[in-house]
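Notes follow once the structure below has been shown.
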Amino acid sequence: ILAAKEIIKIPIVIFPGSHHQLTENADGLLFLNLISGDNSDYLIGHQRLAAAQLLKSKLEIVPTGYLLIDGGHESAVQRVSQTQPLPQNDVDSIVHTAFAGQLMGNQLIYLEAGSGAITSIDPEVIKSVKNQLDIPLIVGGGLRSLQQLESSFLAGADMLVIGTAIEQKINWN
């Protein structure tokens, strides 16, 4: 993060997978809770451990409901958290889970198909979720083309995460 801050002059916001990945070198933190899964370690366990470190933190902390959506292959999040992704064709469950996250006080909802997803999140899923929310929506996983980015934004995503494109060194031209 310190090396990135020498190059990047905008705030750096992290979304760590566990309390072991916290750092005060960032500017902000998406405080994720995996609301689409049944593993309590990722719903409150890691968050409870992180809270002790964050009590005195100067990071901007943003409570974020995290939904793992099926991207066509087993993602790292799925392996680590031992949770199953929500199927993209079960739009009602995705919408209800996202809305429940908002009702629980999350300030953001993050729909994640997983790093390296074969299938990015369908724009109709994004649109359905966004139509129910009053909070910003982040979408990530499997975004590899400008057309996918545009479709996701037009469907209602407020922010996109393009880790796959960076990992695969995709040329956006």
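All residue names refer to the structure tokens as shown: chains lettered A, B, ... in order, residues numbered from 1 in each chain, ligands numbered from 1 in order.
Backbone DSSP over region 21-161 of chain A gives strand (DSSP E) for A:Gly28, A:Leu29, A:Leu30, A:Phe31, A:Leu32, A:Asn33, A:Leu34, A:Glu60, A:Ile61, A:Val62, A:Pro63, A:Thr64, A:Gly65, A:Tyr66, A:Leu67, A:Leu68, A:Leu108, A:Ile109, A:Tyr110, A:Leu111, A:Glu112, A:Leu137, A:Ile138, A:Val139, A:Gly140, A:Met159, A:Leu160, A:Val161.
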**Request:** List the neighbours of Pro136 (chain A) out to 7 Å using only C-alpha atoms; skip same-chain residues closer than 3 positions along the sequence, and give me the result as a PyMOL selection string.
**Result:** chain A and resi 108-109+158
Give me a file of those residues, with C-alpha atoms, as a PDB file, in the first residue's frame.
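Result went into selection37.pdb, see below:
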```
ATOM      1  CA  LEU A 108     -22.656  -0.589   0.727  1.00  0.00           C
ATOM      2  CA  ILE A 109     -23.605  -3.843  -0.958  1.00  0.00           C
ATOM      3  CA  ASP A 158     -22.071   2.531  -8.631  1.00  0.00           C
TER       4      ASP A 158
END
```
**Request:** Pick out the residues sitting within 9 Å of Val77 (chain A), and hand them over as a ChimeraX atom specification; count only C-alpha atoms, and ignore anything fewer than 3 positions along from it in its own chain.
**Result:** /A:17,68,74,80-83,114-115
Rows by chain and residue number, region 76-126 of chain A within 12 Å of region 25-39 of chain A, shortest pair, only C-alpha atoms, as CSV:
```
residue,atom,partner,partner_atom,distance
A:Val77,CA,A:Leu34,CA,9.7
A:Gln78,CA,A:Gly37,CA,9.2
A:Arg79,CA,A:Asn39,CA,11.8
A:Val80,CA,A:Asn39,CA,10.4
A:Ser81,CA,A:Asn39,CA,6.8
A:Gln82,CA,A:Asn39,CA,7.0
A:Thr83,CA,A:Gly37,CA,5.2
A:Gln84,CA,A:Gly37,CA,6.6
A:Pro85,CA,A:Ser36,CA,7.2
A:Leu86,CA,A:Ser36,CA,6.9
A:Pro87,CA,A:Ser36,CA,10.7
A:Ser93,CA,A:Ser36,CA,9.2
A:Ile94,CA,A:Ser36,CA,8.1
A:Val95,CA,A:Ser36,CA,10.8
A:His96,CA,A:Ser36,CA,10.1
A:Thr97,CA,A:Ser36,CA,6.6
A:Ala98,CA,A:Ile35,CA,8.1
A:Phe99,CA,A:Ile35,CA,10.6
A:Ala100,CA,A:Ile35,CA,8.6
A:Gly101,CA,A:Ile35,CA,6.9
A:Gln102,CA,A:Ile35,CA,10.6
A:Leu103,CA,A:Ile35,CA,11.9
A:Met104,CA,A:Ile35,CA,10.1
A:Gly105,CA,A:Asn33,CA,11.4
A:Asn106,CA,A:Asn33,CA,9.0
A:Gln107,CA,A:Leu30,CA,9.5
A:Leu108,CA,A:Leu30,CA,8.5
A:Ile109,CA,A:Leu32,CA,9.2
A:Tyr110,CA,A:Leu32,CA,8.7
A:Leu111,CA,A:Ser36,CA,9.7
A:Glu112,CA,A:Leu34,CA,10.4
A:Ala113,CA,A:Ser36,CA,12.0
```
**Prompt:** Pick the closest to Leu43 (chain A) from A:Thr23, A:Ser75, A:Thr64, A:Asn171: which is it, counting only C-alpha atoms?
**Reply:** A:Thr64
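Relative to CA of Ile69 (chain A), CA of Gly140 (chain A) is found at 9.8 Å.
Candidate residues A:His46, A:Lys58, A:His73, A:Lys169 were compared for distance to Glu24 (chain A), and the nearest is A:Lys58, using only C-alpha atoms.
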**Request:** Mind checking which residues fall within 7 Å of Met159 (chain A), counting only C-alpha atoms, ignoring those fewer than 6 positions away in the same chain, and posting them as a ChimeraX atom specification?
**Result:** /A:137-139
**Request:** Give the alpha helix (DSSP H) residues of region 22-137 of chain A, as DSSP finds them on the backbone, and put them as a PyMOL selection string.
**Result:** chain A and resi 40+46-54+76-81+91-103+123-132
**Request:** Find the residues near His20 (chain A): any atom within 12 Å, counting only C-alpha atoms, skip ones fewer than 5 places away on the same chain, and give them as a PyMOL selection string.
**Result:** chain A and resi 15+46-47+49-54
**Message:** Quick check, in Å to one decimal: how far apart do CA of Tyr66 (chain A) and CA of Tyr42 (chain A) lie?
**Reply:** 9.7 Å
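Using only C-alpha atoms, the protein and nucleic acid residues lying no more than 12 Å from Glu124 (chain A), apart from those fewer than 4 places from it along its own chain, are Gln88, Asn89, Asp90, Val91, Asp92, Ile94, Val95, Ser120, Ser128, Val129, Lys130, Asn131, Ser151, Ser152, Phe153, Leu154, Ala155, Gly156 and Ala157 of chain A.
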Write to file, as a compact mmCIF listing (two decimals), in the first residue's frame, the residues of the selection just made, with all heavy atoms.
```txt
# COMPACT_ATOMS: atom_id res chain seq x y z
N GLN A 88 -27.03 -17.19 -10.08
CA GLN A 88 -27.47 -15.97 -10.76
C GLN A 88 -28.92 -16.03 -11.21
O GLN A 88 -29.57 -15.00 -11.33
CB GLN A 88 -26.56 -15.66 -11.95
CG GLN A 88 -25.17 -15.25 -11.51
CD GLN A 88 -24.49 -14.33 -12.48
OE1 GLN A 88 -25.11 -13.45 -13.07
NE2 GLN A 88 -23.19 -14.52 -12.63
N ASN A 89 -29.44 -17.23 -11.43
CA ASN A 89 -30.83 -17.32 -11.86
C ASN A 89 -31.83 -17.21 -10.69
O ASN A 89 -33.03 -17.17 -10.92
CB ASN A 89 -31.07 -18.61 -12.66
CG ASN A 89 -30.87 -19.87 -11.84
OD1 ASN A 89 -30.47 -19.83 -10.69
ND2 ASN A 89 -31.11 -21.01 -12.47
N ASP A 90 -31.34 -17.16 -9.46
CA ASP A 90 -32.21 -16.97 -8.30
C ASP A 90 -32.18 -15.49 -7.89
O ASP A 90 -31.71 -15.13 -6.82
CB ASP A 90 -31.78 -17.87 -7.16
CG ASP A 90 -32.80 -17.95 -6.04
OD1 ASP A 90 -33.82 -17.22 -6.10
OD2 ASP A 90 -32.58 -18.73 -5.10
N VAL A 91 -32.69 -14.66 -8.78
CA VAL A 91 -32.63 -13.21 -8.61
C VAL A 91 -33.33 -12.78 -7.33
O VAL A 91 -32.84 -11.90 -6.61
CB VAL A 91 -33.21 -12.48 -9.85
CG1 VAL A 91 -33.18 -10.97 -9.66
CG2 VAL A 91 -32.44 -12.88 -11.09
N ASP A 92 -34.46 -13.40 -7.01
CA ASP A 92 -35.19 -13.03 -5.79
C ASP A 92 -34.33 -13.21 -4.54
O ASP A 92 -34.30 -12.34 -3.68
CB ASP A 92 -36.48 -13.83 -5.65
CG ASP A 92 -37.58 -13.37 -6.60
OD1 ASP A 92 -37.46 -12.25 -7.16
OD2 ASP A 92 -38.54 -14.13 -6.79
N ILE A 94 -31.07 -13.19 -4.34
CA ILE A 94 -30.00 -12.18 -4.37
C ILE A 94 -30.55 -10.84 -3.92
O ILE A 94 -29.96 -10.16 -3.07
CB ILE A 94 -29.35 -12.10 -5.77
CG1 ILE A 94 -28.67 -13.43 -6.12
CG2 ILE A 94 -28.36 -10.94 -5.83
CD1 ILE A 94 -28.23 -13.53 -7.57
N VAL A 95 -31.70 -10.45 -4.47
CA VAL A 95 -32.31 -9.16 -4.11
C VAL A 95 -32.67 -9.13 -2.62
O VAL A 95 -32.36 -8.16 -1.91
CB VAL A 95 -33.57 -8.88 -4.97
CG1 VAL A 95 -34.36 -7.70 -4.44
CG2 VAL A 95 -33.17 -8.65 -6.43
N SER A 120 -19.41 -12.91 -15.51
CA SER A 120 -19.61 -11.75 -14.64
C SER A 120 -21.09 -11.70 -14.23
O SER A 120 -21.92 -12.44 -14.77
CB SER A 120 -19.20 -10.47 -15.35
OG SER A 120 -19.95 -10.28 -16.53
N SER A 128 -31.92 -5.46 -10.84
CA SER A 128 -32.91 -5.87 -9.85
C SER A 128 -32.47 -5.51 -8.43
O SER A 128 -33.28 -5.04 -7.62
CB SER A 128 -33.17 -7.37 -9.95
OG SER A 128 -33.75 -7.69 -11.19
N VAL A 129 -31.20 -5.73 -8.13
CA VAL A 129 -30.68 -5.40 -6.80
C VAL A 129 -30.69 -3.88 -6.61
O VAL A 129 -31.18 -3.38 -5.59
CB VAL A 129 -29.27 -5.98 -6.59
CG1 VAL A 129 -28.63 -5.43 -5.32
CG2 VAL A 129 -29.32 -7.50 -6.55
N LYS A 130 -30.17 -3.16 -7.57
CA LYS A 130 -30.08 -1.70 -7.46
C LYS A 130 -31.46 -1.07 -7.28
O LYS A 130 -31.61 -0.11 -6.51
CB LYS A 130 -29.37 -1.11 -8.67
CG LYS A 130 -29.14 0.38 -8.57
CD LYS A 130 -28.27 0.74 -7.38
CE LYS A 130 -28.03 2.24 -7.32
NZ LYS A 130 -27.17 2.62 -6.22
N ASN A 131 -32.47 -1.60 -7.95
CA ASN A 131 -33.82 -1.05 -7.83
C ASN A 131 -34.39 -1.19 -6.42
O ASN A 131 -35.31 -0.48 -6.05
CB ASN A 131 -34.76 -1.72 -8.84
CG ASN A 131 -34.55 -1.22 -10.24
OD1 ASN A 131 -33.98 -0.15 -10.46
ND2 ASN A 131 -34.99 -2.00 -11.21
N SER A 151 -22.19 -2.13 -19.46
CA SER A 151 -23.45 -2.80 -19.14
C SER A 151 -23.70 -2.83 -17.63
O SER A 151 -24.83 -2.63 -17.18
CB SER A 151 -23.45 -4.24 -19.66
OG SER A 151 -23.41 -4.26 -21.06
N SER A 152 -22.65 -3.05 -16.87
CA SER A 152 -22.79 -3.08 -15.41
C SER A 152 -23.15 -1.71 -14.86
O SER A 152 -24.01 -1.59 -13.98
CB SER A 152 -21.50 -3.59 -14.77
OG SER A 152 -21.24 -4.92 -15.16
N PHE A 153 -22.49 -0.66 -15.37
CA PHE A 153 -22.83 0.70 -14.93
C PHE A 153 -24.24 1.07 -15.34
O PHE A 153 -25.00 1.63 -14.55
CB PHE A 153 -21.83 1.73 -15.48
CG PHE A 153 -20.60 1.89 -14.65
CD1 PHE A 153 -19.34 1.76 -15.23
CD2 PHE A 153 -20.66 2.17 -13.29
CE1 PHE A 153 -18.19 1.91 -14.47
CE2 PHE A 153 -19.52 2.32 -12.52
CZ PHE A 153 -18.28 2.18 -13.12
N LEU A 154 -24.62 0.77 -16.58
CA LEU A 154 -25.97 1.09 -17.05
C LEU A 154 -27.04 0.35 -16.27
O LEU A 154 -28.15 0.84 -16.11
CB LEU A 154 -26.10 0.80 -18.55
CG LEU A 154 -25.32 1.73 -19.48
CD1 LEU A 154 -25.40 1.25 -20.92
CD2 LEU A 154 -25.81 3.18 -19.35
N ALA A 155 -26.71 -0.84 -15.76
CA ALA A 155 -27.65 -1.62 -14.97
C ALA A 155 -27.80 -1.08 -13.56
O ALA A 155 -28.75 -1.43 -12.86
CB ALA A 155 -27.23 -3.08 -14.93
N GLY A 156 -26.85 -0.23 -13.12
CA GLY A 156 -26.99 0.37 -11.80
C GLY A 156 -25.81 0.27 -10.86
O GLY A 156 -25.86 0.79 -9.74
N ALA A 157 -24.74 -0.40 -11.28
CA ALA A 157 -23.56 -0.48 -10.41
C ALA A 157 -23.00 0.92 -10.20
O ALA A 157 -22.88 1.71 -11.14
CB ALA A 157 -22.50 -1.38 -11.03
```
